Structure formats: C-alpha cells, structure tokens
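Asker: File query22.cif follows (mmCIF, C-alpha atoms):
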```
data_work
#
loop_
_atom_site.group_PDB
_atom_site.id
_atom_site.type_symbol
_atom_site.label_atom_id
_atom_site.label_comp_id
_atom_site.auth_asym_id
_atom_site.auth_seq_id
_atom_site.Cartn_x
_atom_site.Cartn_y
_atom_site.Cartn_z
ATOM 1 C CA MET A 7 113.642 86.411 83.559
ATOM 2 C CA ILE A 8 111.116 85.518 86.233
ATOM 3 C CA ALA A 9 110.545 82.511 88.475
ATOM 4 C CA LYS A 10 107.812 81.042 90.628
ATOM 5 C CA GLY A 11 108.399 78.538 93.400
ATOM 6 C CA ASN A 12 106.450 76.425 95.863
ATOM 7 C CA SER A 13 106.671 73.156 97.749
ATOM 8 C CA LEU A 14 104.469 70.140 97.036
ATOM 9 C CA SER A 15 103.958 66.591 98.225
ATOM 10 C CA ASN A 16 103.110 64.618 95.074
ATOM 11 C CA THR A 17 106.542 64.392 93.504
ATOM 12 C CA LYS A 18 105.688 61.855 90.818
ATOM 13 C CA ALA A 19 102.676 63.826 89.532
ATOM 14 C CA ALA A 20 104.807 66.960 89.272
ATOM 15 C CA LEU A 21 107.571 65.124 87.400
ATOM 16 C CA LEU A 22 105.032 63.632 84.989
ATOM 17 C CA TYR A 23 103.822 67.129 84.214
ATOM 18 C CA GLY A 24 107.365 68.331 83.646
ATOM 19 C CA ASP A 25 108.064 65.392 81.326
ATOM 20 C CA ASP A 26 104.876 65.899 79.276
ATOM 21 C CA LEU A 27 105.694 65.068 75.649
ATOM 22 C CA ASN A 28 102.698 67.131 74.515
ATOM 23 C CA LYS A 29 104.682 70.150 75.644
ATOM 24 C CA ASP A 30 107.760 69.006 73.717
ATOM 25 C CA ALA A 31 109.494 68.472 77.057
ATOM 26 C CA LYS A 32 113.112 67.467 77.430
ATOM 27 C CA ILE A 33 115.498 67.137 80.370
ATOM 28 C CA VAL A 34 118.089 69.927 80.281
ATOM 29 C CA TYR A 35 119.431 69.629 83.827
ATOM 30 C CA SER A 36 120.042 66.799 86.275
ATOM 31 C CA ASN A 37 121.811 66.902 89.631
ATOM 32 C CA TYR A 38 122.725 63.837 91.743
ATOM 33 C CA LEU A 39 120.363 61.622 89.772
ATOM 34 C CA HIS A 40 120.904 58.466 87.711
ATOM 35 C CA SER A 41 117.394 58.001 86.323
ATOM 36 C CA GLU A 42 115.603 59.799 83.506
ATOM 37 C CA THR A 43 111.966 58.696 83.794
ATOM 38 C CA PRO A 44 109.589 60.480 86.223
ATOM 39 C CA SER A 45 108.783 57.280 88.120
ATOM 40 C CA GLU A 46 112.425 56.375 88.710
ATOM 41 C CA ILE A 47 113.422 59.945 89.595
ATOM 42 C CA ALA A 48 110.571 60.070 92.127
ATOM 43 C CA LYS A 49 111.962 56.881 93.692
ATOM 44 C CA GLU A 50 115.418 58.440 93.965
ATOM 45 C CA PHE A 51 113.906 61.485 95.655
ATOM 46 C CA LYS A 52 111.993 59.210 98.008
ATOM 47 C CA LEU A 53 115.143 57.460 99.224
ATOM 48 C CA PHE A 54 116.034 60.617 101.156
ATOM 49 C CA GLN A 55 112.497 61.850 101.751
ATOM 50 C CA ASN A 56 111.841 58.673 103.742
ATOM 51 C CA GLN A 57 114.465 59.885 106.226
ATOM 52 C CA ASN A 58 112.222 62.828 107.177
ATOM 53 C CA THR A 59 108.621 61.708 107.698
ATOM 54 C CA ASN A 60 107.666 64.988 109.389
ATOM 55 C CA CYS A 61 108.009 66.968 106.168
ATOM 56 C CA LYS A 62 105.065 66.248 103.863
ATOM 57 C CA GLN A 63 105.597 68.848 101.133
ATOM 58 C CA ASN A 64 109.067 67.559 100.424
ATOM 59 C CA THR A 65 109.683 68.618 96.815
ATOM 60 C CA PHE A 66 110.317 72.109 95.488
ATOM 61 C CA SER A 67 108.758 73.061 92.160
ATOM 62 C CA PHE A 68 110.071 76.067 90.219
ATOM 63 C CA ILE A 69 109.017 77.586 86.900
ATOM 64 C CA ILE A 70 111.811 79.659 85.371
ATOM 65 C CA SER A 71 110.945 81.746 82.340
ATOM 66 C CA PRO A 72 113.017 84.287 80.410
ATOM 67 C CA THR A 73 111.298 86.942 78.334
ATOM 68 C CA ILE A 74 109.974 85.722 75.011
ATOM 69 C CA GLU A 75 112.760 87.481 73.123
ATOM 70 C CA ASP A 76 115.508 86.158 75.404
ATOM 71 C CA GLY A 77 114.085 82.644 75.163
ATOM 72 C CA LYS A 78 114.321 82.674 71.381
ATOM 73 C CA LYS A 79 118.066 83.236 71.621
ATOM 74 C CA MET A 80 118.739 80.545 74.221
ATOM 75 C CA ASN A 81 119.671 76.913 73.570
ATOM 76 C CA GLU A 82 119.545 73.904 75.898
ATOM 77 C CA ALA A 83 123.023 74.597 77.248
ATOM 78 C CA ASP A 84 121.918 78.095 78.234
ATOM 79 C CA PHE A 85 118.911 76.730 80.122
ATOM 80 C CA LYS A 86 121.131 74.177 81.853
ATOM 81 C CA LYS A 87 123.346 77.012 83.048
ATOM 82 C CA VAL A 88 120.301 78.929 84.272
ATOM 83 C CA CYS A 89 119.144 75.935 86.334
ATOM 84 C CA LYS A 90 122.585 75.443 87.859
ATOM 85 C CA LEU A 91 122.994 79.109 88.830
ATOM 86 C CA PHE A 92 119.413 79.339 90.062
ATOM 87 C CA LEU A 93 119.837 76.444 92.495
ATOM 88 C CA LYS A 94 123.164 77.875 93.645
ATOM 89 C CA GLU A 95 121.465 81.199 94.435
ATOM 90 C CA LEU A 96 118.912 79.352 96.562
ATOM 91 C CA LYS A 97 121.632 77.193 98.164
ATOM 92 C CA LEU A 98 119.964 74.059 96.785
ATOM 93 C CA ASN A 99 122.860 73.078 94.547
ATOM 94 C CA GLN A 100 123.727 70.136 96.822
ATOM 95 C CA HIS A 101 120.229 68.678 96.510
ATOM 96 C CA GLN A 102 118.825 66.273 93.923
ATOM 97 C CA ALA A 103 117.209 68.177 91.065
ATOM 98 C CA VAL A 104 115.913 67.795 87.523
ATOM 99 C CA GLY A 105 114.889 70.423 84.989
ATOM 100 C CA TYR A 106 112.589 70.033 81.975
ATOM 101 C CA ILE A 107 112.438 72.562 79.164
ATOM 102 C CA HIS A 108 109.015 73.148 77.545
ATOM 103 C CA ASN A 109 109.092 74.215 73.910
ATOM 104 C CA ASP A 110 105.407 74.051 72.983
ATOM 105 C CA LYS A 111 104.625 77.778 73.295
ATOM 106 C CA ASN A 112 106.011 81.021 71.881
ATOM 107 C CA HIS A 113 108.278 81.218 74.888
ATOM 108 C CA LYS A 114 110.651 78.662 76.329
ATOM 109 C CA HIS A 115 110.657 77.949 80.048
ATOM 110 C CA VAL A 116 111.920 75.360 82.501
ATOM 111 C CA HIS A 117 110.106 73.343 85.147
ATOM 112 C CA LEU A 118 112.757 72.633 87.753
ATOM 113 C CA TYR A 119 112.180 70.183 90.623
ATOM 114 C CA ALA A 120 114.485 69.895 93.637
ATOM 115 C CA ASN A 121 114.369 67.492 96.534
ATOM 116 C CA ARG A 122 113.654 69.526 99.652
ATOM 117 C CA ILE A 123 115.254 66.810 101.791
ATOM 118 C CA SER A 124 119.044 66.812 101.914
ATOM 119 C CA PHE A 125 121.276 63.747 101.858
ATOM 120 C CA GLU A 126 121.391 64.030 105.662
ATOM 121 C CA GLY A 127 117.584 63.885 105.901
ATOM 122 C CA LYS A 128 117.115 67.565 106.772
ATOM 123 C CA ALA A 129 114.237 69.590 105.303
ATOM 124 C CA PHE A 130 115.322 72.779 103.548
ATOM 125 C CA ASP A 131 113.626 75.931 104.860
ATOM 126 C CA ALA A 132 110.679 76.768 102.579
ATOM 127 C CA TRP A 133 109.905 80.139 104.180
ATOM 128 C CA ARG A 134 108.957 82.644 101.453
ATOM 129 C CA ILE A 135 110.286 80.324 98.769
ATOM 130 C CA GLY A 136 108.238 82.153 96.147
ATOM 131 C CA LYS A 137 109.844 85.524 96.906
ATOM 132 C CA ARG A 138 113.267 83.973 97.171
ATOM 133 C CA SER A 139 112.742 82.364 93.746
ATOM 134 C CA GLN A 140 111.995 85.751 92.204
ATOM 135 C CA LEU A 141 115.165 87.226 93.679
ATOM 136 C CA ALA A 142 117.243 84.241 92.533
ATOM 137 C CA ALA A 143 115.905 84.619 88.978
ATOM 138 C CA LYS A 144 116.784 88.314 89.006
ATOM 139 C CA ASN A 145 120.338 87.641 90.194
ATOM 140 C CA VAL A 146 120.877 84.917 87.600
ATOM 141 C CA ALA A 147 119.551 87.159 84.826
ATOM 142 C CA LEU A 148 121.999 89.888 85.813
ATOM 143 C CA GLN A 149 124.881 87.407 85.867
ATOM 144 C CA ILE A 150 124.321 86.119 82.335
ATOM 145 C CA GLY A 151 122.865 89.215 80.677
ATOM 146 C CA LEU A 152 119.170 88.350 80.476
ATOM 147 C CA THR A 153 116.296 90.775 80.943
ATOM 148 C CA THR A 154 115.062 91.100 84.529
ATOM 149 C CA VAL A 155 111.533 91.744 85.790
ATOM 150 C CA ASP A 156 112.507 95.262 86.864
ATOM 151 C CA GLN A 157 113.769 96.056 83.385
ATOM 152 C CA VAL A 158 110.521 94.801 81.858
ATOM 153 C CA LYS A 159 108.516 96.965 84.251
ATOM 154 C CA GLU A 160 110.606 100.028 83.468
ATOM 155 C CA GLN A 161 110.177 99.478 79.738
ATOM 156 C CA LYS A 162 106.449 98.964 80.168
ATOM 157 C CA GLN A 163 106.203 102.187 82.180
ATOM 158 C CA GLU A 164 108.005 104.115 79.446
ATOM 159 C CA ASN A 165 106.008 102.601 76.577
ATOM 160 C CA THR A 166 102.637 103.264 78.202
ATOM 161 C CA LYS A 167 103.263 106.689 79.715
ATOM 162 C CA LEU A 168 100.760 108.502 77.482
ATOM 163 C CA ILE A 169 98.074 105.823 77.885
ATOM 164 C CA ARG A 170 98.346 105.947 81.674
ATOM 165 C CA LYS A 171 98.253 109.741 81.580
ATOM 166 C CA GLU A 172 94.959 109.643 79.668
ATOM 167 C CA ILE A 173 93.409 107.232 82.160
ATOM 168 C CA LYS A 174 94.513 109.470 85.027
ATOM 169 C CA MET A 175 92.987 112.482 83.282
ATOM 170 C CA PHE A 176 89.613 110.719 82.982
ATOM 171 C CA HIS A 177 89.882 109.598 86.589
ATOM 172 C CA ASP A 178 90.590 113.114 87.896
ATOM 173 C CA SER A 179 87.701 114.557 85.909
ATOM 174 C CA ILE A 180 85.253 112.002 87.310
ATOM 175 C CA MET A 181 86.465 112.341 90.881
ATOM 176 C CA LYS A 182 85.718 116.062 90.693
ATOM 177 C CA GLN A 183 82.111 115.029 90.060
ATOM 178 C CA ARG A 184 82.170 113.130 93.359
ATOM 179 C CA PRO A 185 80.767 109.736 92.281
ATOM 180 C CA LYS A 186 78.468 108.285 94.925
ATOM 181 C CA SER A 187 79.629 104.696 94.746
ATOM 182 C CA VAL A 188 81.950 102.228 93.061
ATOM 183 C CA ASP A 189 79.233 101.426 90.550
ATOM 184 C CA ASP A 190 78.770 105.124 89.729
ATOM 185 C CA TYR A 191 82.525 105.531 89.246
ATOM 186 C CA ILE A 192 82.735 102.484 86.964
ATOM 187 C CA LYS A 193 79.862 103.722 84.797
ATOM 188 C CA LYS A 194 81.376 107.165 84.413
ATOM 189 C CA MET A 195 84.750 105.709 83.447
ATOM 190 C CA LYS A 196 83.002 103.447 80.938
ATOM 191 C CA ASN A 197 81.586 106.551 79.251
ATOM 192 C CA ASN A 198 85.207 107.482 78.524
ATOM 193 C CA ASN A 199 85.929 104.003 77.088
ATOM 194 C CA VAL A 200 87.841 102.944 80.208
ATOM 195 C CA THR A 201 86.755 99.565 81.584
ATOM 196 C CA VAL A 202 87.216 99.327 85.330
ATOM 197 C CA LYS A 203 87.239 95.834 86.831
ATOM 198 C CA PRO A 204 87.049 95.501 90.618
ATOM 199 C CA VAL A 205 89.461 93.072 92.266
ATOM 200 C CA ILE A 206 87.907 91.276 95.246
ATOM 201 C CA ASN A 207 90.088 89.461 97.763
ATOM 202 C CA LYS A 208 89.353 86.196 99.571
ATOM 203 C CA GLN A 209 87.727 88.106 102.434
ATOM 204 C CA ASN A 210 85.118 89.414 99.966
ATOM 205 C CA LYS A 211 86.483 92.947 100.221
ATOM 206 C CA LEU A 212 87.277 95.395 97.459
ATOM 207 C CA GLN A 213 91.069 95.281 97.073
ATOM 208 C CA GLY A 214 91.573 97.518 94.055
ATOM 209 C CA PHE A 215 90.773 98.058 90.395
ATOM 210 C CA ARG A 216 92.063 96.956 87.033
ATOM 211 C CA PHE A 217 91.854 99.575 84.263
ATOM 212 C CA GLU A 218 91.551 98.547 80.599
ATOM 213 C CA TYR A 219 91.926 101.137 77.880
ATOM 214 C CA ASN A 220 92.959 100.993 74.212
ATOM 215 C CA GLY A 221 94.063 97.378 74.511
ATOM 216 C CA TYR A 222 96.138 97.950 77.657
ATOM 217 C CA SER A 223 95.460 96.724 81.167
ATOM 218 C CA PHE A 224 96.868 98.207 84.382
ATOM 219 C CA LYS A 225 96.483 97.935 88.111
ATOM 220 C CA GLY A 226 95.378 101.189 89.693
ATOM 221 C CA SER A 227 98.801 101.701 91.268
ATOM 222 C CA GLU A 228 100.419 101.242 87.852
ATOM 223 C CA VAL A 229 98.362 104.111 86.450
ATOM 224 C CA HIS A 230 99.076 106.419 89.394
ATOM 225 C CA ARG A 231 99.774 106.012 93.080
ATOM 226 C CA ASP A 232 96.719 108.156 93.891
ATOM 227 C CA MET A 233 94.420 105.602 92.251
ATOM 228 C CA SER A 234 94.552 102.998 94.988
ATOM 229 C CA VAL A 235 91.187 101.973 96.397
ATOM 230 C CA ASN A 236 92.065 103.454 99.801
ATOM 231 C CA LYS A 237 92.256 106.942 98.311
ATOM 232 C CA LEU A 238 88.969 106.782 96.422
ATOM 233 C CA ASN A 239 86.868 106.884 99.604
ATOM 234 C CA PHE A 240 83.899 104.968 98.248
ATOM 235 C CA GLU A 241 81.153 103.797 100.558
ATOM 236 C CA THR A 242 80.380 100.366 99.138
ATOM 237 C CA PRO A 243 76.945 98.967 100.138
ATOM 238 C CA ARG A 244 76.868 95.345 101.283
ATOM 239 C CA GLU A 245 74.743 94.228 98.343
ATOM 240 C CA GLN A 246 77.187 95.861 95.942
ATOM 241 C CA LYS A 247 80.081 93.993 97.528
ATOM 242 C CA MET A 248 78.207 90.762 96.892
ATOM 243 C CA GLU A 249 77.725 91.723 93.255
ATOM 244 C CA LEU A 250 81.424 92.534 92.844
ATOM 245 C CA SER A 251 82.314 89.233 94.462
ATOM 246 C CA ASN A 252 80.341 87.352 91.820
ATOM 247 C CA ASN A 253 82.504 88.961 89.161
ATOM 248 C CA LYS A 254 85.777 88.219 90.884
ATOM 249 C CA LYS A 255 88.765 87.959 88.574
ATOM 250 C CA GLN A 256 92.498 87.561 89.134
ATOM 251 C CA PHE A 257 95.139 89.166 86.995
ATOM 252 C CA ASN A 258 98.805 88.442 86.259
ATOM 253 C CA PHE A 259 100.820 91.448 87.433
ATOM 254 C CA ASN A 260 103.272 91.144 84.591
ATOM 255 C CA ASN A 261 101.648 89.700 81.489
ATOM 256 C CA LEU A 262 103.473 91.828 78.967
ATOM 257 C CA LEU A 263 106.440 89.639 78.099
ATOM 258 C CA PHE A 264 106.202 86.704 80.477
ATOM 259 C CA ASP A 265 103.690 84.048 79.583
ATOM 260 C CA TYR A 266 103.108 81.035 81.808
ATOM 261 C CA SER A 267 99.867 80.089 80.036
ATOM 262 C CA GLY A 268 98.396 79.250 83.419
ATOM 263 C CA GLU A 269 100.915 76.487 83.990
ATOM 264 C CA TYR A 270 101.041 74.954 87.434
ATOM 265 C CA GLU A 271 101.762 71.394 88.400
ATOM 266 C CA PRO A 272 98.660 69.483 89.525
ATOM 267 C CA ASN A 273 98.414 69.529 93.307
ATOM 268 C CA ARG A 274 96.314 66.680 94.603
ATOM 269 C CA ASN A 275 96.846 67.654 98.211
ATOM 270 C CA LYS A 276 94.923 70.935 98.336
ATOM 271 C CA LYS A 277 93.347 70.046 101.686
ATOM 272 C CA ARG A 278 96.671 70.496 103.423
ATOM 273 C CA LYS A 279 98.043 73.973 103.781
ATOM 274 C CA ASN A 280 101.553 74.723 102.603
ATOM 275 C CA THR A 281 103.780 74.103 105.626
ATOM 276 C CA TRP A 282 107.493 74.504 106.178
ATOM 277 C CA GLN A 283 110.068 73.347 108.590
ATOM 278 C CA ARG A 284 113.181 74.978 109.832
#
```
For this file, write the structure as structure tokens.
Answerer:
Amino acid sequence: MIAKGNSLSNTKAALLYGDDLNKDAKIVYSNYLHSETPSEIAKEFKLFQNQNTNCKQNTFSFIISPTIEDGKKMNEADFKKVCKLFLKELKLNQHQAVGYIHNDKNHKHVHLYANRISFEGKAFDAWRIGKRSQLAAKNVALQIGLTTVDQVKEQKQENTKLIRKEIKMFHDSIMKQRPKSVDDYIKKMKNNNVTVKPVINKQNKLQGFRFEYNGYSFKGSEVHRDMSVNKLNFETPREQKMELSNNKKQFNFNNLLFDYSGEYEPNRNKKRKNTWQR
C-alpha cells in the first residue's frame, strides 16, 4: 500500500472530486461529520477553519492505494479500517475527515480529506506531510497484512534481475568506448535496443536517465548504483541541454503495481506556494 499527501485551500473542489460519480465514488469513512454532500461537508470544515485565518491551505488531501491484487480482496469495511488507522498514525484521528473509495479502475483506492484545523482552531503541522503519509501507509499495511512499497520494490528487483544485468552489460561495454557526450551515449545504447531517456530537473539540468528495454523501464540507480549521472562524467554542451529540456518527461518511481492514473485533486490556487504552520 502507498499513500500521497498534501495540503490545499479549495476544500469544496477537492471534495467534489472525491465524490465524483463518474469514478463510482462512495463514502467509506466519516469522522466528526454529520453531512454527506461535498458542499455541506465543506461548510462543516469551514466552521473550524474560520477560527484560524492565518492558515490558507487548511485541508489535507490523501490518496491511499493498496496494490491491485490487495485491492481486489478488500471490501468497504476494510477500506474504512485503513482510513481510521492511517489517520491515527498521522495523529489526525481527532480531526474532521471523510474518505471516498473510487472503483472505476482496475485498482481500488481512497481519497481521504482531513480538516487541518483542530476543534481548538490550531493548524496541524504540515511539514513533510507527503513523506509522513508514505510512512503511515507502510505502518498500516504491516498492521493489517497488506503489501508494502518496500515489498513491491524487492519483488520487482528479483523479477527483473536478468533484465537489469543485460542493461548494465551494454552500459559497461559502451563506457569502455568512452562516449564523447550524452547524445553519443544514448545513440550507442539505442544500437543495443536500450532506449535512454534523459530526466531534466526544474533548473534545466540533467538529473539522470530512464532506461527502457524489453518492455521494462528503470531509473539508472535501479539498474545499478554506478549508473547515476554523476558517475558518467559527460560534458554536456549548453545547446544539448536545451535540446534535452525540450524533451523533458517525468516518471512514476513505482508504476509496477500501484496505479494512480494521474489522479490529483484540482488545485485552483497554484500561485500560492505550499505553506505550513507550526
């Protein structure tokens, strides 16, 4: 099981997404709430959010997803238990919260929303809420016998050992030829049917590579620790960096069994950076 978490300011828009009937949505968890419609729940959240006008991103949004196989075995009661334990791990179990299960894809997952503002008007600390969500999901999975992210990674490593070994073999052979540039390296790997996709960060710098071979896709560090961009020692010309930037692409680090289908709640407040309060 894996989870993503962030704070947002448009509570009603997020709840409307969670309650989307096109996704076969249904409430599976409710905490300290009387209402069932997104508009009324947003009003209940706002009763306490109005007590803390300094906190703008006053609602937590979490996506909790078991593996596809685990999800097939789980019923609504199981997802309710997951939500309850998850909030307890984060110490948000005394906050208003509502969880919607989405059944429209091959996997089942929950969109869980919690009021960041307590009944006393205090804003819950949002520092590293994404990382803390991942750890909470791992702990809950261990408690109730679901597959964790680490277990998925270990299984993926074992299943793809030979594929990664082949990629490393091609890589070592080409590095002995001392490729002159990133472009030269990519072309030589392509001759061995390995597609290398540069990953460019927001600072327009080469961050690493993605390797695709025989239907598999890996980060360089997943293939071998010696295949990080820092150890390749390429001199990348400025014009080549610009070309790589135009082909920028992001990848999901763990797309083997977890499938979010690009799901994120609409955030209509992108101009404001994510802030937190102690």
Asker: From the set A:Lys49, A:Lys237, A:Lys10, A:Arg184, which residue has the shortest atom-to-atom contact distance to Ile135 in chain A, counting all atoms listed in the file?
Answerer: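 Using all atoms listed in the file, the shortest distance to Ile135 in chain A belongs to A:Lys10.
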Asker: Just say which residues the PyMOL selection byres ((chain A and resi 195-202) around 6) picks in this file, as an MDAnalysis selection string.
Answerer: chainID A and resid 192:194 203 216:219
Asker: Once the PyMOL selection byres ((chain A and resi 102) around 6) has been evaluated on this model, what residues remain selected, and can you format them as a PyMOL selection string?
Answerer: chain A and resi 37-38+101+103+120-121
Asker: One number please: CA of Ile123 in chain A to CA of Thr65 in chain A, in Å, one decimal.
Answerer: 7.7 Å
Asker: Show me, as a count of residues only, the residues that have an atom within 6 Å of Ser71 in chain A when counting all atoms listed in the file, minus same-chain residues fewer than 2 positions from it.
Answerer: 3
Asker: Given the choices A:Ile69, A:Leu22, A:Met233, A:Val146, which gets closest to Asp178 in chain A if the distance is worked out from all atoms listed in the file?
Answerer: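 The answer is A:Met233, which sits nearest to Asp178 in chain A.
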Asker: Report as a PyMOL selection string the full result of the PyMOL selection byres ((chain A and resi 9) around 12) when it is applied to this structure.
Answerer: chain A and resi 7-8+10-12+67-73+88-89+92-93+115-118+135-147+154-155+260+264-266
Asker: Between A:Glu42, A:Glu75, A:Asp131, A:Glu126, which has the minimum distance to Gln57 in chain A (counting all atoms listed in the file)?
Answerer: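 Ranked by minimum distance to Gln57 in chain A, first place goes to A:Glu126.
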Asker: Take every atom of range 126-136 of chain A listed in the file, fit an axis-aligned box around them, add 4 Å per side, and give the centre and edge lengths in Å to one decimal as AutoDock Vina command-line options.
Answerer:
```
--center_x 114.8 --center_y 73.3 --center_z 101.5 --size_x 21.2 --size_y 26.8 --size_z 18.6
```
Asker: Can you tell me how far CA of His177 in chain A sits from CA of Ile206 in chain A, in Å to one decimal?
Answerer: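 Answer for the CA of His177 in chain A to CA of Ile206 in chain A separation: 20.4 Å.
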Asker: Expressed in Å to a single decimal, how great is the separation between CA of Ser41 in chain A and CA of Glu82 in chain A?
Answerer: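 Interatomic distance, CA of Ser41 in chain A to CA of Glu82 in chain A: 19.1 Å.
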Asker: Excluding Leu238 in chain A and any residue of its chain fewer than 5 positions from it, enumerate the residues within 12 Å of it, using all atoms listed in the file, and give them as a CSV table (one decimal) with C-alpha atoms, keeping the file's coordinate frame.
Answerer:
```csv
chain,number,residue,atom,x,y,z
A,177,HIS,CA,89.9,109.6,86.6
A,178,ASP,CA,90.6,113.1,87.9
A,180,ILE,CA,85.3,112.0,87.3
A,181,MET,CA,86.5,112.3,90.9
A,182,LYS,CA,85.7,116.1,90.7
A,184,ARG,CA,82.2,113.1,93.4
A,185,PRO,CA,80.8,109.7,92.3
A,186,LYS,CA,78.5,108.3,94.9
A,187,SER,CA,79.6,104.7,94.7
A,188,VAL,CA,82.0,102.2,93.1
A,191,TYR,CA,82.5,105.5,89.2
A,212,LEU,CA,87.3,95.4,97.5
A,213,GLN,CA,91.1,95.3,97.1
A,214,GLY,CA,91.6,97.5,94.1
A,215,PHE,CA,90.8,98.1,90.4
A,226,GLY,CA,95.4,101.2,89.7
A,231,ARG,CA,99.8,106.0,93.1
A,232,ASP,CA,96.7,108.2,93.9
A,233,MET,CA,94.4,105.6,92.3
```
Asker: Would you mind telling me which residue in A:Gln183, A:Asn220, A:Ser36, A:Asn207 lies nearest to Ile169 in chain A when using all atoms listed in the file?
Answerer: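 Result for the nearest residue to Ile169 in chain A: A:Asn220.
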Asker: Just give me the residues with any atom within 8 Å of (110.8, 82.1, 71.2), file coordinates, counting only C-alpha atoms, written as JSON, numbers by chain.
Answerer: {"A": [74, 75, 76, 77, 78, 79, 111, 112, 113, 114]}
Asker: Considering only C-alpha atoms, return as a PDB file with C-alpha atoms, keeping the file's coordinate frame whatever protein or nucleic-acid residues lie within 6 Å of Ser15 in chain A, sequence-local ones (same chain, fewer than 2 positions apart) excluded.
Answerer:
```pdb
ATOM      1  CA  THR A  17     106.542  64.392  93.504  1.00  0.00           C
ATOM      2  CA  LYS A  62     105.065  66.248 103.863  1.00  0.00           C
ATOM      3  CA  GLN A  63     105.597  68.848 101.133  1.00  0.00           C
ATOM      4  CA  ASN A  64     109.067  67.559 100.424  1.00  0.00           C
TER       5      ASN A  64
END
```
